[in-house]
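A.B. asks: The following file, final-v2.cif, comprises mmCIF, C-alpha atoms (C1' of nucleotides):
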data_work
#
loop_
_atom_site.group_PDB
_atom_site.id
_atom_site.type_symbol
_atom_site.label_atom_id
_atom_site.label_comp_id
_atom_site.auth_asym_id
_atom_site.auth_seq_id
_atom_site.Cartn_x
_atom_site.Cartn_y
_atom_site.Cartn_z
ATOM 1 C CA MET A 108 33.914 -37.415 -128.472
ATOM 2 C CA PRO A 109 30.754 -35.639 -129.261
ATOM 3 C CA GLU A 110 29.952 -31.969 -129.433
ATOM 4 C CA LEU A 111 26.796 -30.486 -130.881
ATOM 5 C CA PRO A 112 27.401 -31.420 -134.537
ATOM 6 C CA GLU A 113 28.153 -35.031 -133.642
ATOM 7 C CA VAL A 114 25.196 -35.371 -131.288
ATOM 8 C CA GLU A 115 22.888 -33.749 -133.821
ATOM 9 C CA THR A 116 24.212 -36.040 -136.561
ATOM 10 C CA ILE A 117 23.384 -39.039 -134.407
ATOM 11 C CA ARG A 118 19.933 -37.650 -133.681
ATOM 12 C CA ARG A 119 19.109 -37.110 -137.327
ATOM 13 C CA GLY A 120 20.337 -40.589 -138.165
ATOM 14 C CA ILE A 121 18.449 -42.554 -135.560
ATOM 15 C CA LEU A 122 15.161 -40.652 -135.443
ATOM 16 C CA PRO A 123 13.775 -42.053 -138.716
ATOM 17 C CA LEU A 124 14.907 -45.549 -137.734
ATOM 18 C CA THR A 125 13.390 -45.634 -134.258
ATOM 19 C CA GLY A 126 10.675 -42.973 -134.072
ATOM 20 C CA GLY A 127 7.262 -44.467 -133.323
ATOM 21 C CA LYS A 128 8.625 -47.799 -132.127
ATOM 22 C CA LYS A 129 7.611 -49.372 -128.839
ATOM 23 C CA VAL A 130 10.101 -50.447 -126.219
ATOM 24 C CA GLU A 131 10.269 -54.158 -125.589
ATOM 25 C CA ARG A 132 12.791 -53.867 -122.757
ATOM 26 C CA LEU A 133 15.975 -52.179 -121.604
ATOM 27 C CA ILE A 134 19.178 -54.035 -121.014
ATOM 28 C CA VAL A 135 21.686 -52.602 -118.584
ATOM 29 C CA ARG A 136 25.006 -54.414 -118.520
ATOM 30 C CA VAL A 137 27.087 -51.831 -116.702
ATOM 31 C CA HIS A 138 25.447 -49.458 -114.231
ATOM 32 C CA ALA A 139 28.397 -47.279 -113.304
ATOM 33 C CA LEU A 140 28.293 -44.412 -115.759
ATOM 34 C CA ARG A 141 28.628 -40.807 -114.597
ATOM 35 C CA TYR A 142 25.779 -41.545 -112.240
ATOM 36 C CA PRO A 143 24.625 -45.062 -111.401
ATOM 37 C CA LEU A 144 21.893 -46.228 -113.777
ATOM 38 C CA ASP A 145 18.580 -46.741 -112.052
ATOM 39 C CA GLY A 146 17.340 -50.053 -113.435
ATOM 40 C CA LEU A 147 13.953 -49.837 -111.746
ATOM 41 C CA LYS A 148 13.180 -46.420 -113.130
ATOM 42 C CA LEU A 149 14.377 -47.429 -116.570
ATOM 43 C CA ALA A 150 12.109 -50.463 -116.449
ATOM 44 C CA CYS A 151 9.164 -48.025 -116.582
ATOM 45 C CA LEU A 152 9.960 -47.556 -120.246
ATOM 46 C CA ARG A 153 8.770 -51.029 -121.128
ATOM 47 C CA GLY A 154 5.898 -50.790 -123.573
ATOM 48 C CA GLN A 155 6.256 -47.040 -124.075
ATOM 49 C CA ARG A 156 6.308 -45.535 -127.533
ATOM 50 C CA LEU A 157 9.231 -43.400 -128.694
ATOM 51 C CA GLU A 158 7.471 -40.226 -129.841
ATOM 52 C CA ASP A 159 10.448 -38.062 -130.753
ATOM 53 C CA ILE A 160 14.150 -37.475 -130.252
ATOM 54 C CA THR A 161 15.345 -33.931 -129.649
ATOM 55 C CA ARG A 162 18.591 -32.384 -128.519
ATOM 56 C CA ARG A 163 19.602 -29.755 -125.981
ATOM 57 C CA GLY A 164 23.295 -28.864 -126.100
ATOM 58 C CA LYS A 165 25.097 -32.190 -126.135
ATOM 59 C CA TYR A 166 22.181 -34.073 -124.576
ATOM 60 C CA LEU A 167 19.823 -36.294 -126.527
ATOM 61 C CA LEU A 168 16.254 -36.295 -125.242
ATOM 62 C CA PHE A 169 14.133 -39.315 -126.043
ATOM 63 C CA HIS A 170 10.460 -38.430 -125.673
ATOM 64 C CA PHE A 171 8.419 -41.472 -124.691
ATOM 65 C CA SER A 172 4.685 -41.784 -124.089
ATOM 66 C CA ARG A 173 5.096 -41.177 -120.364
ATOM 67 C CA GLY A 174 8.520 -39.729 -119.703
ATOM 68 C CA TRP A 175 11.863 -38.745 -121.084
ATOM 69 C CA LEU A 176 15.172 -40.487 -121.378
ATOM 70 C CA LEU A 177 18.177 -38.178 -121.159
ATOM 71 C CA LEU A 178 21.367 -39.364 -122.751
ATOM 72 C CA HIS A 179 24.789 -37.741 -122.685
ATOM 73 C CA LEU A 180 27.683 -39.396 -124.474
ATOM 74 C CA GLY A 181 30.435 -37.912 -122.332
ATOM 75 C CA MET A 182 33.841 -38.108 -123.909
ATOM 76 C CA SER A 183 33.829 -41.545 -125.501
ATOM 77 C CA GLY A 184 30.181 -42.508 -125.869
ATOM 78 C CA SER A 185 28.540 -43.642 -129.082
ATOM 79 C CA LEU A 186 25.034 -44.710 -129.926
ATOM 80 C CA ARG A 187 24.337 -47.224 -132.615
ATOM 81 C CA TYR A 188 21.180 -48.461 -134.256
ATOM 82 C CA LEU A 189 21.087 -52.238 -134.792
ATOM 83 C CA PRO A 190 18.310 -53.636 -137.000
ATOM 84 C CA GLU A 191 18.529 -56.949 -135.183
ATOM 85 C CA SER A 192 20.169 -58.205 -132.048
ATOM 86 C CA ARG A 193 23.842 -58.894 -132.022
ATOM 87 C CA PRO A 194 26.123 -59.979 -129.167
ATOM 88 C CA PRO A 195 27.440 -57.027 -127.190
ATOM 89 C CA ALA A 196 31.095 -56.071 -127.415
ATOM 90 C CA ALA A 197 33.279 -54.587 -124.720
ATOM 91 C CA HIS A 198 31.841 -51.353 -123.249
ATOM 92 C CA ASP A 199 28.386 -51.910 -124.702
ATOM 93 C CA HIS A 200 26.685 -50.852 -121.487
ATOM 94 C CA PHE A 201 23.089 -50.246 -122.378
ATOM 95 C CA ASP A 202 20.474 -51.265 -124.979
ATOM 96 C CA ILE A 203 16.994 -49.997 -125.731
ATOM 97 C CA ARG A 204 15.318 -52.937 -127.414
ATOM 98 C CA PHE A 205 12.234 -52.299 -129.500
ATOM 99 C CA GLN A 206 9.364 -54.680 -130.108
ATOM 100 C CA ASP A 207 10.392 -55.193 -133.739
ATOM 101 C CA GLY A 208 13.739 -56.657 -132.624
ATOM 102 C CA SER A 209 15.847 -53.596 -133.428
ATOM 103 C CA CYS A 210 17.776 -51.748 -130.773
ATOM 104 C CA LEU A 211 19.781 -48.689 -129.841
ATOM 105 C CA ARG A 212 23.069 -49.597 -128.185
ATOM 106 C CA LEU A 213 25.208 -47.314 -126.061
ATOM 107 C CA ARG A 214 28.937 -47.938 -125.989
ATOM 108 C CA ASP A 215 31.104 -45.834 -123.719
ATOM 109 C CA PRO A 216 34.615 -47.011 -122.797
ATOM 110 C CA ARG A 217 35.372 -44.170 -120.408
ATOM 111 C CA ARG A 218 31.920 -44.189 -118.809
ATOM 112 C CA PHE A 219 31.593 -40.413 -118.554
ATOM 113 C CA GLY A 220 28.211 -40.726 -120.222
ATOM 114 C CA LEU A 221 24.848 -40.402 -118.558
ATOM 115 C CA VAL A 222 21.495 -42.137 -118.873
ATOM 116 C CA LEU A 223 18.561 -40.834 -116.893
ATOM 117 C CA PHE A 224 14.822 -41.500 -117.013
ATOM 118 C CA LEU A 225 12.631 -38.550 -116.035
ATOM 119 C CA GLU A 226 8.901 -38.467 -115.576
ATOM 120 C CA GLN A 227 8.714 -34.684 -115.550
ATOM 121 C CA ASP A 228 9.825 -31.967 -117.918
ATOM 122 C CA PRO A 229 13.542 -32.487 -118.511
ATOM 123 C CA PHE A 230 14.196 -28.796 -119.151
ATOM 124 C CA THR A 231 13.665 -27.916 -115.505
ATOM 125 C CA HIS A 232 16.005 -30.683 -114.369
ATOM 126 C CA PRO A 233 19.146 -29.342 -112.632
ATOM 127 C CA LEU A 234 21.345 -30.733 -115.400
ATOM 128 C CA LEU A 235 19.634 -28.644 -118.075
ATOM 129 C CA LYS A 236 18.010 -25.780 -116.237
ATOM 130 C CA ALA A 237 20.951 -23.379 -116.371
ATOM 131 C CA PHE A 238 21.917 -24.171 -119.947
ATOM 132 C CA GLY A 239 22.678 -21.240 -122.199
ATOM 133 C CA PRO A 240 21.013 -20.634 -125.560
ATOM 134 C CA GLU A 241 21.417 -22.975 -128.501
ATOM 135 C CA PRO A 242 24.056 -21.678 -130.913
ATOM 136 C CA PHE A 243 21.568 -21.327 -133.765
ATOM 137 C CA SER A 244 18.996 -19.418 -131.738
ATOM 138 C CA GLU A 245 18.516 -15.688 -132.178
ATOM 139 C CA GLU A 246 19.277 -15.220 -128.525
ATOM 140 C CA MET A 247 22.877 -16.341 -129.091
ATOM 141 C CA ASN A 248 24.344 -13.233 -130.631
ATOM 142 C CA GLY A 249 27.206 -10.809 -130.142
ATOM 143 C CA ALA A 250 25.329 -8.647 -127.661
ATOM 144 C CA TYR A 251 24.485 -11.695 -125.555
ATOM 145 C CA LEU A 252 28.083 -12.935 -125.457
ATOM 146 C CA HIS A 253 29.304 -9.447 -124.698
ATOM 147 C CA ARG A 254 26.847 -9.106 -121.824
ATOM 148 C CA ARG A 255 27.701 -12.554 -120.436
ATOM 149 C CA SER A 256 31.407 -11.795 -120.446
ATOM 150 C CA ARG A 257 31.379 -8.477 -118.564
ATOM 151 C CA GLY A 258 33.544 -8.571 -115.462
ATOM 152 C CA LYS A 259 34.952 -11.997 -116.284
ATOM 153 C CA ARG A 260 38.669 -12.510 -116.225
ATOM 154 C CA LEU A 261 38.687 -16.125 -117.330
ATOM 155 C CA PRO A 262 39.987 -16.938 -120.836
ATOM 156 C CA VAL A 263 37.348 -16.545 -123.527
ATOM 157 C CA LYS A 264 37.759 -20.186 -124.502
ATOM 158 C CA GLU A 265 36.709 -21.192 -120.975
ATOM 159 C CA LEU A 266 33.659 -18.972 -121.182
ATOM 160 C CA LEU A 267 32.630 -20.713 -124.407
ATOM 161 C CA LEU A 268 33.199 -24.200 -123.023
ATOM 162 C CA ASP A 269 30.796 -23.435 -120.196
ATOM 163 C CA GLN A 270 27.436 -24.859 -121.256
ATOM 164 C CA LYS A 271 25.731 -22.043 -119.356
ATOM 165 C CA THR A 272 27.135 -19.607 -121.906
ATOM 166 C CA VAL A 273 26.267 -21.470 -125.101
ATOM 167 C CA ALA A 274 24.955 -25.026 -125.076
ATOM 168 C CA GLY A 275 26.761 -27.547 -127.240
ATOM 169 C CA LEU A 276 30.268 -26.229 -127.780
ATOM 170 C CA GLY A 277 33.285 -28.367 -126.879
ATOM 171 C CA ASN A 278 37.018 -28.110 -127.282
ATOM 172 C CA ILE A 279 37.217 -28.664 -131.047
ATOM 173 C CA TYR A 280 34.652 -26.100 -132.105
ATOM 174 C CA VAL A 281 35.700 -23.515 -129.525
ATOM 175 C CA ASN A 282 39.200 -23.590 -130.958
ATOM 176 C CA GLU A 283 37.892 -23.450 -134.519
ATOM 177 C CA ALA A 284 35.414 -20.647 -133.845
ATOM 178 C CA LEU A 285 38.030 -18.510 -132.092
ATOM 179 C CA PHE A 286 40.347 -18.986 -135.053
ATOM 180 C CA ALA A 287 37.604 -18.032 -137.483
ATOM 181 C CA ALA A 288 36.886 -14.919 -135.412
ATOM 182 C CA GLY A 289 40.565 -13.970 -135.046
ATOM 183 C CA ILE A 290 40.464 -14.051 -131.232
ATOM 184 C CA ASP A 291 43.245 -15.381 -128.996
ATOM 185 C CA PRO A 292 41.686 -18.181 -126.902
ATOM 186 C CA ARG A 293 43.672 -17.086 -123.837
ATOM 187 C CA LYS A 294 42.333 -13.551 -123.867
ATOM 188 C CA ALA A 295 40.288 -12.519 -120.832
ATOM 189 C CA ALA A 296 36.618 -12.751 -121.800
ATOM 190 C CA GLY A 297 35.751 -9.427 -120.189
ATOM 191 C CA SER A 298 38.373 -7.533 -122.180
ATOM 192 C CA ILE A 299 36.828 -8.306 -125.568
ATOM 193 C CA GLY A 300 34.557 -5.709 -127.137
ATOM 194 C CA LEU A 301 31.097 -5.968 -128.667
ATOM 195 C CA SER A 302 32.141 -5.974 -132.295
ATOM 196 C CA ARG A 303 34.538 -8.856 -131.752
ATOM 197 C CA TYR A 304 31.797 -10.809 -129.975
ATOM 198 C CA GLN A 305 29.527 -10.181 -132.934
ATOM 199 C CA ARG A 306 32.163 -11.680 -135.145
ATOM 200 C CA LEU A 307 32.549 -14.579 -132.720
ATOM 201 C CA ALA A 308 28.825 -15.336 -132.625
ATOM 202 C CA ALA A 309 28.803 -15.500 -136.410
ATOM 203 C CA ALA A 310 31.926 -17.677 -136.410
ATOM 204 C CA ILE A 311 30.365 -20.142 -133.961
ATOM 205 C CA ARG A 312 27.344 -20.595 -136.208
ATOM 206 C CA GLU A 313 29.419 -20.801 -139.347
ATOM 207 C CA VAL A 314 31.787 -23.449 -137.959
ATOM 208 C CA LEU A 315 29.016 -25.555 -136.403
ATOM 209 C CA GLY A 316 26.945 -25.287 -139.574
ATOM 210 C CA ARG A 317 29.747 -26.569 -141.755
ATOM 211 C CA ALA A 318 30.576 -29.353 -139.290
ATOM 212 C CA LEU A 319 26.948 -30.406 -139.290
ATOM 213 C CA ALA A 320 26.883 -30.465 -143.088
ATOM 214 C CA ALA A 321 29.929 -32.756 -143.034
ATOM 215 C CA GLY A 322 28.326 -35.131 -140.527
ATOM 216 C CA GLY A 323 30.552 -34.094 -137.609
ATOM 217 C CA THR A 324 34.226 -34.612 -136.833
ATOM 218 C CA THR A 325 35.827 -38.030 -136.492
ATOM 219 C CA LEU A 326 39.207 -37.799 -134.787
ATOM 220 C CA ARG A 327 39.443 -41.432 -133.809
ATOM 221 C CA ASP A 328 36.179 -43.062 -132.910
ATOM 222 C CA PHE A 329 33.142 -40.912 -133.645
ATOM 223 C CA ARG A 330 30.484 -42.725 -135.647
ATOM 224 C CA ASP A 331 26.950 -41.662 -136.454
ATOM 225 C CA GLY A 332 23.932 -43.777 -135.558
ATOM 226 C CA VAL A 333 24.574 -46.302 -138.299
ATOM 227 C CA GLY A 334 28.364 -46.444 -138.117
ATOM 228 C CA ASN A 335 29.608 -43.827 -140.563
ATOM 229 C CA PRO A 336 32.408 -41.415 -139.620
ATOM 230 C CA GLY A 337 32.102 -37.612 -139.877
ATOM 231 C CA TYR A 338 34.079 -35.762 -142.485
ATOM 232 C CA PHE A 339 34.677 -32.369 -140.887
ATOM 233 C CA SER A 340 38.146 -33.469 -139.701
ATOM 234 C CA VAL A 341 39.620 -32.507 -143.066
ATOM 235 C CA GLN A 342 38.237 -28.998 -142.708
ATOM 236 C CA LEU A 343 39.727 -28.330 -139.280
ATOM 237 C CA GLN A 344 41.858 -25.183 -139.495
ATOM 238 C CA VAL A 345 43.764 -25.326 -136.206
ATOM 239 C CA TYR A 346 42.474 -28.070 -133.913
ATOM 240 C CA GLY A 347 45.073 -30.828 -133.572
ATOM 241 C CA ARG A 348 47.367 -29.073 -136.060
ATOM 242 C CA ALA A 349 50.221 -27.865 -133.831
ATOM 243 C CA GLY A 350 53.294 -27.049 -135.887
ATOM 244 C CA MET A 351 51.439 -27.066 -139.179
ATOM 245 C CA PRO A 352 50.971 -23.910 -141.228
ATOM 246 C CA CYS A 353 48.091 -21.591 -140.419
ATOM 247 C CA PRO A 354 45.683 -21.844 -143.381
ATOM 248 C CA ARG A 355 45.335 -18.066 -143.434
ATOM 249 C CA CYS A 356 48.887 -16.709 -143.003
ATOM 250 C CA GLY A 357 51.206 -19.714 -143.092
ATOM 251 C CA ALA A 358 52.698 -19.159 -139.635
ATOM 252 C CA SER A 359 53.047 -22.234 -137.463
ATOM 253 C CA VAL A 360 49.919 -23.217 -135.508
ATOM 254 C CA VAL A 361 50.595 -23.121 -131.773
ATOM 255 C CA GLY A 362 49.473 -25.972 -129.540
ATOM 256 C CA GLU A 363 49.644 -25.399 -125.805
ATOM 257 C CA ARG A 364 47.773 -26.017 -122.571
ATOM 258 C CA CYS A 365 45.330 -23.585 -121.105
ATOM 259 C CA HIS A 366 43.314 -24.551 -118.043
ATOM 260 C CA GLN A 367 44.265 -28.228 -118.288
ATOM 261 C CA ARG A 368 43.168 -28.559 -121.877
ATOM 262 C CA SER A 369 44.727 -28.192 -125.293
ATOM 263 C CA ILE A 370 44.357 -25.016 -127.242
ATOM 264 C CA TYR A 371 45.384 -24.451 -130.830
ATOM 265 C CA PHE A 372 45.710 -21.036 -132.422
ATOM 266 C CA CYS A 373 47.717 -18.788 -134.694
ATOM 267 C CA ARG A 374 49.717 -16.056 -132.946
ATOM 268 C CA ARG A 375 49.577 -13.841 -135.988
ATOM 269 C CA CYS A 376 45.883 -14.172 -136.875
ATOM 270 C CA GLN A 377 44.426 -14.303 -133.360
ATOM 271 C CA LYS A 378 44.823 -11.349 -131.019
ATOM 272 C "C1'" DC B 43 29.847 -15.190 -107.055
ATOM 273 C "C1'" DC B 44 34.239 -16.154 -109.600
ATOM 274 C "C1'" DC B 45 37.778 -19.047 -110.859
ATOM 275 C "C1'" DA B 46 41.256 -22.958 -110.812
ATOM 276 C "C1'" DA B 47 42.230 -27.583 -110.009
ATOM 277 C "C1'" DG B 48 41.048 -32.226 -109.191
ATOM 278 C "C1'" DA B 49 38.116 -35.993 -109.911
ATOM 279 C "C1'" DC B 50 35.916 -39.556 -112.612
ATOM 280 C "C1'" DC B 51 37.431 -43.721 -116.473
ATOM 281 C "C1'" DT B 52 39.697 -46.520 -120.385
ATOM 282 C "C1'" DG B 53 42.560 -46.836 -124.423
ATOM 283 C "C1'" DG B 54 46.012 -45.415 -127.654
ATOM 284 C "C1'" DC B 55 50.282 -43.563 -128.654
ATOM 285 C "C1'" DG B 56 55.168 -42.089 -128.365
ATOM 286 C "C1'" DG B 57 59.366 -42.725 -126.033
ATOM 287 C "C1'" DC B 58 62.682 -45.431 -123.878
ATOM 288 C "C1'" DT C 65 58.133 -56.387 -127.235
ATOM 289 C "C1'" DG C 66 56.935 -54.140 -122.822
ATOM 290 C "C1'" DC C 67 56.221 -50.721 -119.637
ATOM 291 C "C1'" DC C 68 55.379 -45.765 -118.407
ATOM 292 C "C1'" DG C 69 53.540 -41.474 -118.764
ATOM 293 C "C1'" DC C 70 50.767 -38.578 -121.170
ATOM 294 C "C1'" DC C 71 46.941 -37.361 -123.818
ATOM 295 C "C1'" DA C 72 41.911 -37.553 -125.355
ATOM 296 C "C1'" DG C 73 35.956 -34.778 -128.326
ATOM 297 C "C1'" DG C 74 33.123 -33.671 -120.962
ATOM 298 C "C1'" DT C 75 31.554 -31.794 -116.833
ATOM 299 C "C1'" DC C 76 30.788 -32.178 -111.896
ATOM 300 C "C1'" DT C 77 32.649 -31.135 -107.362
ATOM 301 C "C1'" DT C 78 35.592 -28.886 -104.211
ATOM 302 C "C1'" DG C 79 38.046 -25.277 -102.205
ATOM 303 C "C1'" DG C 80 40.248 -20.829 -102.042
#
Here is a file; write its structure as structure tokens.

C.D. replies:
Amino acid sequence: MPELPEVETIRRGILPLTGGKKVERLIVRVHALRYPLDGLKLACLRGQRLEDITRRGKYLLFHFSRGWLLLHLGMSGSLRYLPESRPPAAHDHFDIRFQDGSCLRLRDPRRFGLVLFLEQDPFTHPLLKAFGPEPFSEEMNGAYLHRRSRGKRLPVKELLLDQKTVAGLGNIYVNEALFAAGIDPRKAAGSIGLSRYQRLAAAIREVLGRALAAGGTTLRDFRDGVGNPGYFSVQLQVYGRAGMPCPRCGASVVGERCHQRSIYFCRRCQK
DNA sequence: CCCAAGACCTGGCGGC
DNA sequence: TGCCGCCAGGTCTTGG
């Protein structure tokens, strides 16, 4: 489900509702997520105060008084704020209960998500250490992408999906950004010149910025922290629109597979 | 190091 | 209606 705009939408929604609260206890119903949940470590959070919630790529970082909770929503994860307790439904694997009776509840049918408690700086953790720049940072620009892509023969869309290149992009926004930049997603990353990467860097920011303003993209099940869908779906230009007219030239949008995943593009507008 | 493919899961949908 | 195969917003691991 969630790429940067969705994760950031969740973050902005739940921070004002939970920031400053103290943890009463954690409830783990299902341990087998991407990695097994460590109940003992998580129990350390009891009594700790939630100081802040930040984001790195698609990860949410919960800053507690003495440690960090890392949360990744995988493909199907969602996080929901509940003002008061409510019986769990199917796939509600994990709750953070606060002392005022409210809670944050993680649901994740496919269990590709991740929950990890860290006592040290999360940014040096192996999962985050090699992450590329945030899309809205100055460091993420055309020259950077150009440099990163030299000598690479993999398709440019694969380069962008790699979190070591840019942190936070996923399949939807890679397809949309490449359309906005007029670049064929299958094109070898190393064969694209500087000026086209400059256009791509701008396109990435533009697409993510608009998605963020719309509260993310709901294809089937994305919901923000309080249960609202995102409205960027109606602005998607190519993603999921195989056979429909290209919004720029009217030619039919192509949907095919590239490296085991769907790509959508316009043959006429993207070279 | 680079790259491709397989693995991990469940649910929803289209086709028969 | 029921079953089957395929597809899904992610990313880690393995092997050439």

A.B. asks: Distance CA of Ala358 in chain A-CA of Gln342 in chain A, one decimal place?

C.D. replies: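 We find that CA of Ala358 in chain A and CA of Gln342 in chain A lie 17.8 Å from each other.
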
A.B. asks: Report the closest atom pair, with its distance in Å rounded to one decimal, for each residue of chain C that has an atom no farther than 9 Å from chain A; count only C-alpha atoms (C1' of nucleotides), sort by chain and then rising residue number, and write it as a tab-separated table.

C.D. replies:
residue	atom	partner	partner_atom	distance
C:DA72	C1'	A:Met182	CA	8.2
C:DG73	C1'	A:Met108	CA	3.3
C:DG74	C1'	A:Gly181	CA	5.2
C:DT75	C1'	A:Gly181	CA	8.3

A.B. asks: Just how far from CA of Ser172 in chain A is CA of Arg118 in chain A, in Å to one decimal?

C.D. replies: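 Computing it gives 18.5 Å between the two atoms.
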
A.B. asks: Please indicate the distance in Å from CA of Leu149 in chain A to C1' of DA49 in chain B, rounded to one decimal place.

C.D. replies: 27.2 Å

A.B. asks: Excluding DC58 in chain B and residues on its chain fewer than 4 positions from it, collect all residues at most 12 Å away from it, counting only C-alpha atoms (C1' of nucleotides), and give them as JSON, numbers by chain.

C.D. replies: {"C": [66, 67, 68, 69]}

A.B. asks: Residues of the last selection are to be written out with C-alpha atoms (C1' of nucleotides), as a PDB file, keeping the file's coordinate frame.

C.D. replies:
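After the write, selection_12.pdb holds the following:
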ATOM      1  C1'  DG C  66      56.935 -54.140-122.822  1.00  0.00           C
ATOM      2  C1'  DC C  67      56.221 -50.721-119.637  1.00  0.00           C
ATOM      3  C1'  DC C  68      55.379 -45.765-118.407  1.00  0.00           C
ATOM      4  C1'  DG C  69      53.540 -41.474-118.764  1.00  0.00           C
TER       5       DG C  69
END

A.B. asks: Just checking: using only C-alpha atoms, which residue out of A:Gly322, A:Arg162, A:Pro292, A:His232 ends up closest to Gly362 in chain A?

C.D. replies: A:Pro292

A.B. asks: Show me, as CSV, the residues of chain A having an atom within 8 Å of chain B, each with the closest atom pair and its distance in Å, using only C-alpha atoms (C1' of nucleotides).

C.D. replies:
residue,atom,partner,partner_atom,distance
A:Arg141,CA,B:DC50,C1',7.7
A:Pro216,CA,B:DT52,C1',5.6
A:Arg217,CA,B:DC51,C1',4.5
A:Arg218,CA,B:DC51,C1',6.0
A:Phe219,CA,B:DC51,C1',7.0
A:Lys259,CA,B:DC44,C1',7.9
A:Leu261,CA,B:DC45,C1',7.2
A:His366,CA,B:DA46,C1',7.7

A.B. asks: Got a sec: who's within 12 Å of range 187-189 of chain A, counting all atoms listed in the file, leaving out chain neighbours fewer than 3 positions off, as number ranges by chain?

C.D. replies: A: 114, 116-126, 180, 184, 192-195, 199-205, 207-215, 329-335

A.B. asks: Taking the file as shown, what set of residues would the PyMOL selection byres ((chain A and resi 303) around 10) give back, as a list in words?

C.D. replies: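 Those residues are Gly249, Leu252, His253, Ala288, Gly289, Ile290, Ile299, Gly300, Leu301, Ser302, Tyr304, Gln305, Arg306, Leu307, Ala308 and Ala309 of chain A.
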
A.B. asks: Taking the file as shown, find all residues satisfying the PyMOL selection byres ((chain A and resi 373) around 10) and write them as an NGL selection string.

C.D. replies: :A and (286 or 289-292 or 344-345 or 349 or 352-362 or 371-372 or 374-378)

A.B. asks: How would you write, as an NGL selection string, the residues chosen by the PyMOL selection byres ((chain A and resi 228) around 12) on this structure?

C.D. replies: :A and (168-171 or 173-177 or 224-227 or 229-236)
